[in-house]
Structures are given as structure tokens and as C-alpha cells.
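What's in start.tsv: TSV, C-alpha atoms and all ligand atoms
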chain	number	residue	atom	x	y	z
A	1	MET	CA	65.89	87.23	74.15
A	2	SER	CA	69.41	85.80	74.38
A	3	LEU	CA	70.73	83.56	71.62
A	4	LEU	CA	72.32	81.51	74.38
A	5	ASN	CA	70.55	78.79	76.21
A	6	PHE	CA	70.98	79.14	79.97
A	7	GLN	CA	68.96	78.84	83.12
A	8	SER	CA	68.84	81.81	85.47
A	9	LYS	CA	70.21	81.00	88.92
A	10	LEU	CA	67.80	83.56	90.36
A	11	PRO	CA	64.73	83.31	88.13
A	12	ARG	CA	62.41	85.23	90.46
A	13	VAL	CA	64.77	88.07	91.30
A	14	GLU	CA	63.99	91.48	89.85
A	15	PRO	CA	65.83	94.82	90.14
A	16	SER	CA	65.94	95.79	93.83
A	17	ILE	CA	63.22	98.05	95.22
A	18	PHE	CA	65.96	100.54	96.13
A	19	SER	CA	67.00	100.93	92.47
A	20	VAL	CA	63.37	101.00	91.36
A	21	MET	CA	62.23	103.71	93.79
A	22	SER	CA	65.38	105.83	93.49
A	23	GLY	CA	65.03	105.59	89.70
A	24	LEU	CA	61.37	106.67	89.90
A	25	ALA	CA	62.29	109.53	92.25
A	26	HIS	CA	64.83	110.73	89.71
A	27	GLN	CA	62.43	110.33	86.80
A	28	HIS	CA	59.71	112.36	88.54
A	29	ASN	CA	62.05	114.82	90.24
A	30	ALA	CA	60.61	113.71	93.57
A	31	ILE	CA	62.08	114.07	97.05
A	32	ASN	CA	63.82	110.78	97.62
A	33	LEU	CA	63.13	109.30	101.05
A	34	SER	CA	63.21	105.78	99.58
A	35	GLN	CA	66.70	104.26	99.39
A	36	GLY	CA	68.55	104.66	102.69
A	37	PHE	CA	71.36	107.17	102.27
A	38	PRO	CA	72.09	110.56	103.81
A	39	ASN	CA	71.87	113.71	101.69
A	40	PHE	CA	74.17	115.76	103.92
A	41	LYS	CA	77.91	116.02	103.76
A	42	SER	CA	80.46	113.72	105.35
A	43	ASP	CA	82.51	115.10	108.21
A	44	PRO	CA	85.28	117.22	106.52
A	45	LYS	CA	87.72	115.77	109.05
A	46	LEU	CA	87.11	112.28	107.71
A	47	LEU	CA	87.54	113.46	104.12
A	48	GLU	CA	90.84	115.10	105.09
A	49	LEU	CA	92.00	111.83	106.62
A	50	VAL	CA	91.27	110.02	103.33
A	51	THR	CA	93.23	112.64	101.37
A	52	LYS	CA	96.08	112.35	103.84
A	53	ALA	CA	96.10	108.56	103.48
A	54	MET	CA	96.18	108.82	99.68
A	55	GLN	CA	98.94	111.39	99.76
A	56	SER	CA	100.90	109.25	102.20
A	57	GLY	CA	100.91	106.46	99.61
A	58	TYR	CA	98.24	104.04	100.83
A	59	ASN	CA	97.13	103.39	97.29
A	60	GLN	CA	98.03	99.73	96.80
A	61	TYR	CA	96.37	96.57	98.04
A	62	ALA	CA	95.57	96.47	101.73
A	63	PRO	CA	96.27	93.26	103.66
A	64	MET	CA	93.65	90.59	102.88
A	65	ALA	CA	91.91	90.90	106.27
A	66	GLY	CA	92.13	94.71	106.25
A	67	ALA	CA	94.62	97.36	107.38
A	68	ILE	CA	95.87	96.24	110.77
A	69	ASP	CA	95.39	99.65	112.36
A	70	LEU	CA	91.73	99.57	111.33
A	71	ARG	CA	91.30	96.07	112.74
A	72	GLU	CA	92.92	97.22	115.95
A	73	ALA	CA	90.67	100.29	116.09
A	74	ILE	CA	87.61	98.05	115.59
A	75	ALA	CA	88.79	95.76	118.39
A	76	THR	CA	89.26	98.80	120.66
A	77	LYS	CA	85.73	99.94	119.83
A	78	PHE	CA	84.34	96.54	120.91
A	79	THR	CA	86.19	96.76	124.20
A	80	HIS	CA	85.08	100.33	124.74
A	81	LEU	CA	81.40	99.79	123.91
A	82	TYR	CA	80.69	96.20	124.78
A	83	LYS	CA	83.54	95.21	127.15
A	84	THR	CA	84.37	92.25	124.96
A	85	THR	CA	87.36	91.39	122.82
A	86	TYR	CA	87.97	90.28	119.26
A	87	ASN	CA	91.53	89.50	118.31
A	88	PRO	CA	92.44	91.88	115.47
A	89	GLU	CA	94.88	89.30	114.05
A	90	PHE	CA	92.35	86.53	113.50
A	91	GLU	CA	88.80	87.58	114.31
A	92	ILE	CA	88.08	90.73	112.29
A	93	THR	CA	87.88	91.20	108.51
A	94	VAL	CA	87.29	94.47	106.70
A	95	THR	CA	84.84	94.09	103.82
A	96	ALA	CA	83.35	95.94	100.85
A	97	GLY	CA	80.34	97.07	102.86
A	98	ALA	CA	78.10	94.89	104.97
A	99	THR	CA	76.67	93.39	101.78
A	100	GLN	CA	79.93	91.63	100.92
A	101	ALA	CA	80.35	90.43	104.49
A	102	ILE	CA	76.85	88.91	104.38
A	103	TYR	CA	77.47	87.37	100.96
A	104	THR	CA	80.76	85.86	102.05
A	105	ILE	CA	79.47	84.51	105.38
A	106	ILE	CA	76.58	82.77	103.65
A	107	SER	CA	78.82	81.45	100.84
A	108	ALA	CA	81.35	80.12	103.34
A	109	PHE	CA	78.84	78.09	105.34
A	110	ILE	CA	75.65	77.37	103.41
A	111	LYS	CA	75.55	74.17	101.39
A	112	PRO	CA	72.73	72.80	99.22
A	113	LYS	CA	69.64	71.90	101.28
A	114	ASP	CA	70.81	73.82	104.35
A	115	GLU	CA	68.12	75.94	105.96
A	116	VAL	CA	68.54	79.55	107.04
A	117	ILE	CA	65.96	81.17	109.30
A	118	ILE	CA	65.21	84.80	108.48
A	119	PHE	CA	62.72	87.22	109.97
A	120	THR	CA	60.55	89.02	107.47
A	121	PRO	CA	60.30	91.87	106.62
A	122	ALA	CA	63.95	91.16	105.85
A	123	TYR	CA	66.70	93.15	104.20
A	124	ASP	CA	66.70	92.17	100.56
A	125	CYS	CA	70.12	90.52	100.10
A	126	TYR	CA	69.71	87.62	102.53
A	127	GLU	CA	67.32	85.40	100.57
A	128	PRO	CA	68.98	85.50	97.12
A	129	THR	CA	72.41	84.88	98.63
A	130	VAL	CA	71.15	81.80	100.43
A	131	ALA	CA	69.47	80.64	97.19
A	132	LEU	CA	72.67	81.13	95.15
A	133	ASN	CA	74.39	78.74	97.51
A	134	GLY	CA	71.67	76.12	97.14
A	135	GLY	CA	70.19	76.77	100.58
A	136	LYS	CA	66.63	77.45	101.57
A	137	THR	CA	65.38	80.36	103.65
A	138	VAL	CA	62.73	79.62	106.23
A	139	SER	CA	60.85	82.85	106.94
A	140	ILE	CA	59.27	83.90	110.17
A	141	GLN	CA	56.88	86.72	109.43
A	142	LEU	CA	56.84	89.48	112.04
A	143	GLU	CA	53.48	91.17	112.26
A	144	ALA	CA	53.04	94.92	111.95
A	145	PRO	CA	52.99	97.15	113.89
A	146	SER	CA	55.11	95.66	116.71
A	147	TYR	CA	57.25	93.30	114.58
A	148	GLY	CA	57.93	91.29	117.76
A	149	VAL	CA	59.41	87.78	117.60
A	150	ASN	CA	57.62	84.77	119.05
A	151	TRP	CA	60.66	82.68	119.98
A	152	ASN	CA	58.51	79.58	120.27
A	153	ASP	CA	57.83	79.87	116.54
A	154	VAL	CA	61.56	80.07	115.97
A	155	LYS	CA	62.12	76.99	118.11
A	156	ASN	CA	59.54	75.10	116.06
A	157	LYS	CA	61.29	75.99	112.80
A	158	ILE	CA	64.69	74.71	113.93
A	159	ASN	CA	65.56	71.21	112.74
A	160	SER	CA	68.65	69.20	111.80
A	161	ARG	CA	69.02	71.13	108.52
A	162	THR	CA	69.04	74.57	110.21
A	163	ARG	CA	72.54	75.94	109.60
A	164	MET	CA	72.07	79.64	110.24
A	165	ILE	CA	69.77	82.25	111.77
A	166	ILE	CA	69.99	85.81	110.44
A	167	ILE	CA	69.01	88.61	112.80
A	168	ASN	CA	69.09	92.37	112.27
A	169	THR	CA	68.84	94.84	115.12
A	170	PRO	CA	68.14	97.78	114.90
A	171	HIS	CA	65.88	96.47	112.20
A	172	ASN	CA	65.61	97.62	108.61
A	173	PRO	CA	62.88	98.22	107.47
A	174	SER	CA	60.66	98.32	110.59
A	175	GLY	CA	62.80	100.55	112.84
A	176	THR	CA	62.30	98.20	115.80
A	177	VAL	CA	65.04	96.82	118.06
A	178	PHE	CA	65.63	93.52	119.82
A	179	SER	CA	65.45	93.58	123.62
A	180	ASN	CA	67.83	91.91	126.03
A	181	GLN	CA	65.14	89.21	126.46
A	182	ASP	CA	65.05	88.57	122.70
A	183	MET	CA	68.79	88.00	122.66
A	184	LEU	CA	68.66	85.71	125.70
A	185	GLN	CA	65.96	83.63	124.03
A	186	LEU	CA	68.01	83.39	120.86
A	187	GLN	CA	71.06	82.39	122.88
A	188	GLU	CA	69.05	79.65	124.58
A	189	LEU	CA	67.95	78.30	121.19
A	190	VAL	CA	71.43	78.09	119.67
A	191	LYS	CA	73.18	76.85	122.79
A	192	GLY	CA	74.60	73.37	122.19
A	193	THR	CA	73.75	73.43	118.45
A	194	ASN	CA	75.93	74.00	115.36
A	195	ILE	CA	73.81	76.95	114.26
A	196	ILE	CA	75.67	80.05	113.10
A	197	VAL	CA	74.07	83.40	113.84
A	198	LEU	CA	74.57	86.17	111.32
A	199	SER	CA	73.91	89.31	113.33
A	200	ASP	CA	73.44	92.24	110.97
A	201	GLU	CA	74.21	95.23	113.20
A	202	VAL	CA	74.77	97.90	110.55
A	203	TYR	CA	72.59	100.36	112.52
A	204	GLU	CA	74.26	99.72	115.91
A	205	HIS	CA	74.94	103.45	116.38
A	206	ILE	CA	71.53	104.64	115.23
A	207	ILE	CA	69.34	103.84	118.21
A	208	PHE	CA	66.96	106.11	120.13
A	209	ASP	CA	65.22	106.88	123.41
A	210	ASP	CA	68.14	105.54	125.48
A	211	GLU	CA	67.65	102.00	124.16
A	212	GLN	CA	70.87	100.00	124.45
A	213	HIS	CA	72.03	98.22	121.33
A	214	GLN	CA	71.85	94.48	121.98
A	215	SER	CA	74.92	93.28	120.12
A	216	ALA	CA	75.30	89.52	119.81
A	217	CYS	CA	78.78	89.94	121.30
A	218	LEU	CA	77.27	90.88	124.68
A	219	PHE	CA	76.00	87.34	125.21
A	220	PRO	CA	78.93	84.96	125.72
A	221	ILE	CA	77.42	81.81	124.23
A	222	LEU	CA	75.75	83.69	121.42
A	223	LYS	CA	79.06	85.38	120.64
A	224	GLU	CA	80.64	81.96	120.08
A	225	HIS	CA	78.02	81.25	117.38
A	226	SER	CA	77.95	84.66	115.76
A	227	PHE	CA	79.29	86.77	112.96
A	228	ILE	CA	78.69	90.43	113.68
A	229	VAL	CA	78.32	92.54	110.56
A	230	ALA	CA	78.82	96.31	110.46
A	231	SER	CA	78.90	99.09	107.85
A	232	PHE	CA	81.02	102.22	107.95
A	233	GLY	CA	78.98	103.53	105.02
A	234	LYS	CA	75.84	103.55	107.15
A	235	THR	CA	77.62	104.74	110.26
A	236	PHE	CA	79.59	107.66	108.86
A	237	HIS	CA	77.23	108.96	106.15
A	238	ASN	CA	79.32	107.55	103.26
A	239	THR	CA	77.22	104.75	101.77
A	240	GLY	CA	79.12	105.14	98.49
A	241	TRP	CA	82.39	104.09	100.09
A	242	LYS	CA	81.12	100.53	100.57
A	243	LEU	CA	83.25	99.79	103.58
A	244	GLY	CA	82.28	97.51	106.46
A	245	TYR	CA	83.59	94.63	108.52
A	246	CYS	CA	82.68	91.47	110.31
A	247	CYS	CA	83.90	89.79	113.49
A	248	ALA	CA	83.64	86.20	114.64
A	249	PRO	CA	85.51	83.63	116.71
A	250	LYS	CA	88.75	82.57	115.02
A	251	GLU	CA	87.59	79.16	113.74
A	252	LEU	CA	84.62	80.73	111.95
A	253	MET	CA	86.73	83.60	110.61
A	254	VAL	CA	89.24	81.15	109.08
A	255	GLU	CA	86.42	79.79	106.90
A	256	PHE	CA	85.17	83.28	106.11
A	257	GLN	CA	88.60	84.39	104.91
A	258	LYS	CA	88.97	81.34	102.65
A	259	VAL	CA	86.08	82.77	100.63
A	260	HIS	CA	86.84	86.46	101.17
A	261	GLN	CA	90.30	86.14	99.60
A	262	PHE	CA	88.75	84.98	96.32
A	263	ASN	CA	85.69	87.18	96.59
A	264	VAL	CA	87.46	90.58	96.77
A	265	PHE	CA	90.80	89.68	98.39
A	266	CYS	CA	90.89	93.08	100.07
A	267	VAL	CA	89.05	96.41	100.02
A	268	ASN	CA	90.01	100.03	99.40
A	269	HIS	CA	93.05	100.98	101.39
A	270	PRO	CA	93.05	104.79	101.94
A	271	MET	CA	89.54	104.81	103.41
A	272	GLN	CA	90.51	102.05	105.81
A	273	LYS	CA	93.42	104.15	107.06
A	274	ALA	CA	91.20	107.20	107.44
A	275	ILE	CA	88.48	105.36	109.36
A	276	ALA	CA	91.08	103.78	111.64
A	277	ASP	CA	92.16	107.25	112.77
A	278	TYR	CA	88.59	108.51	112.91
A	279	ILE	CA	87.13	105.79	115.15
A	280	ASN	CA	89.99	106.06	117.57
A	281	GLU	CA	88.05	109.11	118.78
A	282	PRO	CA	84.91	107.56	120.31
A	283	GLN	CA	82.86	110.76	120.11
A	284	HIS	CA	82.65	110.16	116.35
A	285	TYR	CA	80.31	107.23	116.95
A	286	GLU	CA	79.01	108.13	120.40
A	287	ASN	CA	77.34	111.28	119.05
A	288	LEU	CA	75.35	109.40	116.43
A	289	PRO	CA	72.28	108.34	118.45
A	290	SER	CA	71.49	111.92	119.47
A	291	PHE	CA	72.32	113.25	115.99
A	292	TYR	CA	69.80	110.91	114.38
A	293	GLN	CA	67.25	111.10	117.18
A	294	GLN	CA	67.08	114.82	116.59
A	295	LYS	CA	66.33	114.16	112.92
A	296	ARG	CA	63.66	111.60	113.79
A	297	ASP	CA	62.01	113.97	116.28
A	298	PHE	CA	62.19	116.90	113.86
A	299	PHE	CA	60.50	114.85	111.14
A	300	LEU	CA	57.83	113.36	113.42
A	301	GLU	CA	56.94	116.71	114.95
A	302	LEU	CA	56.35	118.10	111.47
A	303	ILE	CA	54.03	115.28	110.39
A	304	LYS	CA	52.20	114.63	113.66
A	305	GLU	CA	48.91	116.06	112.29
A	306	SER	CA	49.08	114.10	109.03
A	307	ARG	CA	46.70	111.27	108.15
A	308	PHE	CA	49.48	108.69	108.44
A	309	LYS	CA	49.64	106.63	111.64
A	310	ILE	CA	53.01	106.86	113.33
A	311	ILE	CA	54.87	104.59	115.73
A	312	PRO	CA	58.21	106.32	116.34
A	313	SER	CA	61.23	104.43	115.04
A	314	LYS	CA	63.45	102.99	117.80
A	315	GLY	CA	66.52	102.64	115.62
A	316	THR	CA	67.88	102.87	112.03
A	317	TYR	CA	67.22	106.01	110.01
A	318	PHE	CA	63.88	104.75	108.77
A	319	GLN	CA	60.38	105.72	109.86
A	320	VAL	CA	57.45	103.48	109.03
A	321	LEU	CA	54.15	105.24	108.32
A	322	ASP	CA	50.80	103.44	108.15
A	323	PHE	CA	48.56	104.74	105.37
A	324	SER	CA	45.49	102.58	106.00
A	325	ASP	CA	43.36	105.63	106.91
A	326	ILE	CA	44.19	107.21	103.54
A	327	THR	CA	43.74	104.46	100.97
A	328	GLN	CA	43.37	100.72	100.61
A	329	GLU	CA	45.62	100.66	97.54
A	330	ASN	CA	48.40	98.09	97.48
A	331	ASP	CA	51.52	99.62	99.06
A	332	VAL	CA	53.66	99.27	95.91
A	333	VAL	CA	50.95	100.99	93.85
A	334	PHE	CA	50.57	103.73	96.46
A	335	ALA	CA	54.35	104.28	96.80
A	336	LYS	CA	54.65	104.65	93.04
A	337	ARG	CA	51.68	107.04	92.90
A	338	LEU	CA	53.14	109.12	95.75
A	339	THR	CA	56.31	109.44	93.72
A	340	SER	CA	54.72	110.35	90.40
A	341	GLU	CA	51.79	112.49	91.63
A	342	PHE	CA	53.00	113.92	94.95
A	343	LYS	CA	56.76	113.92	94.19
A	344	LEU	CA	57.73	112.00	97.28
A	345	ALA	CA	59.47	108.62	97.09
A	346	SER	CA	59.34	105.99	99.85
A	347	ILE	CA	59.75	102.21	100.07
A	348	PRO	CA	56.69	99.92	100.13
A	349	MET	CA	57.32	97.45	102.94
A	350	SER	CA	55.49	94.47	101.43
A	351	VAL	CA	58.45	93.68	99.16
A	352	PHE	CA	60.40	92.55	102.24
A	353	ASN	CA	57.61	90.29	103.55
A	354	GLU	CA	56.91	86.60	103.15
A	355	ASN	CA	54.45	86.31	100.21
A	356	HIS	CA	54.59	90.13	99.91
A	357	THR	CA	51.97	90.55	102.62
A	358	ASP	CA	50.76	94.14	102.50
A	359	TYR	CA	50.25	95.81	105.89
A	360	LYS	CA	49.65	99.24	104.27
A	361	VAL	CA	52.92	100.70	105.48
A	362	LEU	CA	55.67	102.67	103.77
A	363	ARG	CA	59.25	103.27	104.91
A	364	PHE	CA	60.69	106.80	104.83
A	365	CYS	CA	64.40	107.57	105.28
A	366	PHE	CA	65.00	110.57	107.55
A	367	ALA	CA	68.79	110.74	107.09
A	368	LYS	CA	68.22	114.04	105.32
A	369	THR	CA	68.80	117.74	105.85
A	370	GLU	CA	66.13	119.68	107.74
A	371	LYS	CA	65.30	121.46	104.49
A	372	THR	CA	64.53	118.16	102.75
A	373	LEU	CA	62.56	116.83	105.73
A	374	LYS	CA	60.55	120.01	105.83
A	375	LYS	CA	59.66	119.81	102.14
A	376	ALA	CA	58.78	116.13	102.53
A	377	SER	CA	56.59	116.86	105.54
A	378	GLU	CA	54.61	119.47	103.59
A	379	ILE	CA	53.80	116.80	101.03
A	380	ILE	CA	52.96	114.20	103.69
A	381	ASN	CA	50.61	116.68	105.41
A	382	SER	CA	48.87	117.44	102.12
A	383	ILE	CA	47.94	113.80	101.43
A	401	LIG	N1	72.13	95.25	106.11
A	401	LIG	C1	71.15	96.14	106.28
A	401	LIG	C2	70.09	95.86	107.27
A	401	LIG	C3	71.14	97.32	105.54
A	401	LIG	O1	70.15	98.20	105.71
A	401	LIG	C4	72.16	97.55	104.60
A	401	LIG	C5	72.14	98.79	103.78
A	401	LIG	N2	73.02	99.65	104.32
A	401	LIG	C6	73.16	96.60	104.47
A	401	LIG	C7	73.11	95.45	105.22
A	401	LIG	C8	74.28	96.78	103.50
A	401	LIG	O2	75.24	97.69	103.95
A	401	LIG	P1	76.40	98.22	103.00
A	401	LIG	O3	75.88	99.39	102.26
A	401	LIG	O4	77.52	98.55	103.92
A	401	LIG	O5	76.75	97.10	102.08
A	402	LIG	N1	70.34	99.71	102.84
A	402	LIG	C1	69.69	100.67	101.99
A	402	LIG	C2	68.21	100.71	102.32
A	402	LIG	O1	67.71	99.91	103.06
A	402	LIG	C3	69.81	100.41	100.52
A	402	LIG	C4	71.03	99.76	100.02
A	402	LIG	C5	70.85	99.40	98.56
A	402	LIG	O2	70.45	100.23	97.78
A	402	LIG	N2	71.09	98.19	98.24
A	402	LIG	O3	67.54	101.56	101.82
What is this file in C-alpha cells?
Amino acid sequence: MSLLNFQSKLPRVEPSIFSVMSGLAHQHNAINLSQGFPNFKSDPKLLELVTKAMQSGYNQYAPMAGAIDLREAIATKFTHLYKTTYNPEFEITVTAGATQAIYTIISAFIKPKDEVIIFTPAYDCYEPTVALNGGKTVSIQLEAPSYGVNWNDVKNKINSRTRMIIINTPHNPSGTVFSNQDMLQLQELVKGTNIIVLSDEVYEHIIFDDEQHQSACLFPILKEHSFIVASFGKTFHNTGWKLGYCCAPKELMVEFQKVHQFNVFCVNHPMQKAIADYINEPQHYENLPSFYQQKRDFFLELIKESRFKIIPSKGTYFQVLDFSDITQENDVVFAKRLTSEFKLASIPMSVFNENHTDYKVLRFCFAKTEKTLKKASEIINSI
């Protein structure tokens, strides 16, 4: 116990499930399909570009908003993929991963008593960040296995205190995606309001079965309300680089940068230079859906006879498996037992739900080598 008298600002927050399950995997020498990170190598070309940038002297602070050639490359990518424009001078900021972008957006706009609508199961950083800023999250629980949104429910939760709606498509942890209709309904709800949409699109390039990613920037009115958040760590298999960005209309970005400049000021320079060169070749992101779909299909083919129930993931590199035919244990208990007894780590989904509702589902990360997926599948088939 501390000798100091203080009140925790986040009394209910515990170490994240990602640290817990990765720690357990390590402790039990288990295959780690819990925390979402690839276990294969980065493209050597990208690593060479980082070395080149370091050797060329890009080792001091980058501009506050990010290296201009990276911002320009991001703007070009938006035009190429979504036929829309963001001005690289004023509407794009490079961040220390998506996490910092999310933290900074929420800190820039959420005041005490403001309400933020989130859809649960929700990525774990949204709620505590809102709480740190004195705001309140209003959860809309999406029901397994479809995790579809009833937009009437959303409409009913909007009131004069609603300041922000956070969406995430493709969705971590469920592996579902929003349809064009979902986005149109959202657009209708925010039209004419002061609601900001935080659109977490870190898995924009990891989408399967010819689904089109429904970026908020594709919907003109929605775009005016939205911050789009992206992660180069997720996209280019380098989660440890912690590099991402966000885009928004200029007036919103001005407020974002007021906080960003005191939050990190700027982020690592040589990797920004390298990624700028790398994404100027569109095949580096256009190949990603088929690359990951092949991994998903490989994994699902191997476990199709298992006792887990499978609905194939539509996006992200996560596959949800329903274990209700195997045991009625609580999912956290079962995930921990799988790790210690069967040497396979996953993420119990209830931790992301309102009131920790347990739908008897676990999340497995398939951003792994075929060798790892094969070993994991042998365990899954033996359960
Ligand atoms: N949002 C979602 C939905 C995520 O899954 C993650 C984890 N990659 C993040 C944000 C954070 O991304 P980053 O590692 O770039 O901070
Ligand atoms: N986004 C990763 C996941 O969902 C984890 C990131 C983290 O460890 N905070 O597994």
C-alpha cells in the first residue's frame, strides 16, 4: 500500500487482457494467438527504407503533424482508394499508433458529463480514455453471433449530451464489418448534429470475401463529422513501431493538434520517411486482403472438424470461435485453462462486453505463420 494518499482516476481498470494473456502464454510456453500481432517478418524492403532514412540523417524531430511526404502519401492513398481528398497541410496528423490518435481525439473534444456512444464488444482503450476526460460511455451491446447494429437503438441513445460516436470497422474483436447501409444510417443520425464520429479503421486493408471497406470518408456528410484513425503497425506487420495517423476536416484537426503537440509533439521520424516511400506503391496495401484471406482460409480449413462453432471472419486478423458445445465454463476461465493445460492462448471476448456478458466465444489471432497455425489447429482439434 502506498504511503501517499491519492484517489485512482481509473479505479476499476486492471492490466489489459492483452498483457494478461500474452503473459500467461509466455509463462506456460503456449502458442500465442491472443494479443493481435503477426509472428512473421516485416517486408525486407520496408526495413531497408528505414535504414536508408536513418543513414540519410532523419534522426531528429519530425514536423509536429508528421513528415510532409508521409502526409502527402496518405492523401494520395485516400484519393486512390476512396476518391476523396484530405489536405496534407491541415487535415492529416501522424501519430504514435492508432492508440495515441484515439486518446488525443477524445482528450481534445470530450468534457466532463459528455456522452460517447460505443458499441460493445469494444476495443479496450475507448472507455478508459473517455473516463479520464470526465465523460461517460453509453454502450450499445451487439449480440453474438451476428454483432449487427440496430440503428434505432442508437437513435434512442442520442441526446443533447452526446458528443461522440465511436465506430470500428472491420471490427475487433468480432471480425464483422459494417455494410454500406450501416454507414448510411449512421450518416442520417449525425446529419445536422454536433456529434463527432471517431471511425477506427485500423483494419481497413484486412477485409475478406470481396467485401468493400466502408470508410467514413466515403459518405460526404459523415466525412464532415469524422476522424478516421489508421495504424501502420497493424497494416504492415510492425505493431512494435507504434505508427499511425488520423484525418479529419481542418477545423476538427486544428483542435486535435492543439492536444497532440503537448501529448507527443511528433513521432519517430525515420519510420515515417520509410512508410512514405513504401505506400507510394499501392500494391503494398492492395495485396493485403488476399494475403490475410489466405491465412484465414488456411486456419479455418484445418479446424473445420473441431468442436468449436465457426462463423468465418469478414475482416481483421481475428477469428471468433464459439465453444458452447465443449464447456459451459466462463470464457475467461476457459481461455486461461486452454493456455495452461492445452498450451494455446486466446482472448476471452466477454472482457470487451457491457457487464462482461459471456457469449462463450474466444478470439484467435491468425496473423501467424502456417507452421504456427498448424500447431494451433492440432490443439484446437484435440479439445
Ligand atoms: N483500434 C483497434 C480496433 C485495434 O485493434 C488496435 C490494436 N492494433 C488499435 C486501435 C491500436 O492500434 P496501434 O497499435 O496502432 O496503437
Ligand atoms: N490490438 C491488439 C489486439 O486487439 C492489441 C494491442 C494491445 O496489446 N494493446 O489484440
Which residue of A:Met1, A:Cys125, A:Ala131, A:Cys246 approaches ligand LIG 401 (chain A) most closely, using all atoms listed in the file |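 Checking each of A:Met1, A:Cys125, A:Ala131, A:Cys246 against ligand LIG 401 (chain A), counting all atoms listed in the file, the winner is A:Cys125.
Of the residues under consideration (A:Thr176, A:Gln214, A:Thr235, A:Thr85), A:Thr235 shows the shortest atom-to-atom contact distance to Tyr292 (chain A) when counting all atoms listed in the file.
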Measuring between only C-alpha atoms, which one of A:Ser382, A:Asn194, A:Ser231, A:Ser174 shows the shortest distance to Glu143 (chain A)?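 The closest residue to Glu143 (chain A) is A:Ser174.
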As a check of understanding: the span from CA of Asp331 (chain A) to CA of Met349 (chain A) is 7.3 Å
Protein and nucleic acid residues within 6 Å of ligand LIG 401 (chain A) (all atoms listed in the file) as a PyMOL selection string: chain A and resi 97-99+123+172+200+202+231+233-234+239+242-244
Residue selection dump (C-alpha atoms) as an mmCIF file, keeping the file's coordinate frame:
data_model
loop_
_atom_site.group_PDB
_atom_site.id
_atom_site.type_symbol
_atom_site.label_atom_id
_atom_site.label_comp_id
_atom_site.auth_asym_id
_atom_site.auth_seq_id
_atom_site.Cartn_x
_atom_site.Cartn_y
_atom_site.Cartn_z
ATOM 1 C CA GLY A 97 80.340 97.070 102.860
ATOM 2 C CA ALA A 98 78.100 94.890 104.970
ATOM 3 C CA THR A 99 76.670 93.390 101.780
ATOM 4 C CA TYR A 123 66.700 93.150 104.200
ATOM 5 C CA ASN A 172 65.610 97.620 108.610
ATOM 6 C CA ASP A 200 73.440 92.240 110.970
ATOM 7 C CA VAL A 202 74.770 97.900 110.550
ATOM 8 C CA SER A 231 78.900 99.090 107.850
ATOM 9 C CA GLY A 233 78.980 103.530 105.020
ATOM 10 C CA LYS A 234 75.840 103.550 107.150
ATOM 11 C CA THR A 239 77.220 104.750 101.770
ATOM 12 C CA LYS A 242 81.120 100.530 100.570
ATOM 13 C CA LEU A 243 83.250 99.790 103.580
ATOM 14 C CA GLY A 244 82.280 97.510 106.460
#
Quick one: which chain A residues come within 6 Å of ligand LIG 402 (chain A), and what is the nearest atom pair for each with the distance in Å to one decimal, counting all atoms listed in the file, rows ordered by chain and ascending number, as a Markdown table?
| residue | atom | partner | partner_atom | distance |
| --- | --- | --- | --- | --- |
| A:Phe18 | CA | A:LIG402 | O2 | 4.8 |
| A:Gln35 | CA | A:LIG402 | O3 | 3.7 |
| A:Gly36 | CA | A:LIG402 | O3 | 3.4 |
*asked:* Which residues are near region 317-325 of chain A? Cut-off 7 Å, all atoms listed in the file, ignore same chain within fewer than 4 positions. Put them as an MDAnalysis selection string.
replied: chainID A and resid 173:175 206 307:310 312:313 360:367
Residues within 10 Å of Ile102 (chain A), please, as a PDB file with C-alpha atoms, keeping the file's coordinate frame. Count all atoms listed in the file; anything in the same chain fewer than 3 positions from it doesn't count.
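Output (selection.pdb):
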ATOM      1  CA  THR A  95      84.840  94.090 103.820  1.00  0.00           C
ATOM      2  CA  GLY A  97      80.340  97.070 102.860  1.00  0.00           C
ATOM      3  CA  ALA A  98      78.100  94.890 104.970  1.00  0.00           C
ATOM      4  CA  THR A  99      76.670  93.390 101.780  1.00  0.00           C
ATOM      5  CA  ILE A 105      79.470  84.510 105.380  1.00  0.00           C
ATOM      6  CA  ILE A 106      76.580  82.770 103.650  1.00  0.00           C
ATOM      7  CA  SER A 107      78.820  81.450 100.840  1.00  0.00           C
ATOM      8  CA  ALA A 108      81.350  80.120 103.340  1.00  0.00           C
ATOM      9  CA  CYS A 125      70.120  90.520 100.100  1.00  0.00           C
ATOM     10  CA  TYR A 126      69.710  87.620 102.530  1.00  0.00           C
ATOM     11  CA  THR A 129      72.410  84.880  98.630  1.00  0.00           C
ATOM     12  CA  VAL A 130      71.150  81.800 100.430  1.00  0.00           C
ATOM     13  CA  ILE A 166      69.990  85.810 110.440  1.00  0.00           C
ATOM     14  CA  LEU A 198      74.570  86.170 111.320  1.00  0.00           C
ATOM     15  CA  SER A 199      73.910  89.310 113.330  1.00  0.00           C
ATOM     16  CA  ASP A 200      73.440  92.240 110.970  1.00  0.00           C
ATOM     17  CA  PHE A 227      79.290  86.770 112.960  1.00  0.00           C
ATOM     18  CA  ILE A 228      78.690  90.430 113.680  1.00  0.00           C
ATOM     19  CA  VAL A 229      78.320  92.540 110.560  1.00  0.00           C
ATOM     20  CA  ALA A 230      78.820  96.310 110.460  1.00  0.00           C
ATOM     21  CA  TYR A 245      83.590  94.630 108.520  1.00  0.00           C
ATOM     22  CA  CYS A 246      82.680  91.470 110.310  1.00  0.00           C
TER      23      CYS A 246
END
Using only C-alpha atoms, the best pick from A:Val138, A:Leu222, A:Pro88, A:Ala335 as closest to Ile158 (chain A) would be A:Val138
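Taking CA of Thr193 (chain A) and CA of Ser226 (chain A) as the two end points, the separation is 12.3 Å.
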- So which residues touch Glu251 (chain A) within 10 Å, counting only C-alpha atoms, skipping near sequence neighbours fewer than 5 positions away, as a list in words? Phe90, Glu91, Glu224 and Phe256 of chain A
Kindly output region 343-349 of chain A as a compact mmCIF listing (two decimals), in the coordinates of the input, after building N, CA, C and O atoms.
# COMPACT_ATOMS: atom_id res chain seq x y z
N LYS A 343 55.30 113.63 94.24
CA LYS A 343 56.76 113.92 94.19
C LYS A 343 57.46 113.60 95.50
O LYS A 343 58.28 114.36 95.99
N LEU A 344 57.07 112.46 96.07
CA LEU A 344 57.73 112.00 97.28
C LEU A 344 57.93 110.48 97.19
O LEU A 344 56.96 109.73 97.07
N ALA A 345 59.19 110.06 97.25
CA ALA A 345 59.47 108.62 97.09
C ALA A 345 59.73 107.97 98.45
O ALA A 345 60.42 108.53 99.31
N SER A 346 59.17 106.77 98.62
CA SER A 346 59.34 105.99 99.85
C SER A 346 59.55 104.53 99.42
O SER A 346 59.61 104.25 98.22
N ILE A 347 59.60 103.64 100.39
CA ILE A 347 59.75 102.21 100.07
C ILE A 347 58.51 101.46 100.57
O ILE A 347 58.19 101.54 101.77
N PRO A 348 57.83 100.74 99.67
CA PRO A 348 56.69 99.92 100.13
C PRO A 348 57.24 98.71 100.88
O PRO A 348 58.10 97.99 100.38
N MET A 349 56.72 98.48 102.08
CA MET A 349 57.32 97.45 102.94
C MET A 349 56.98 96.02 102.52
O MET A 349 57.67 95.08 102.92
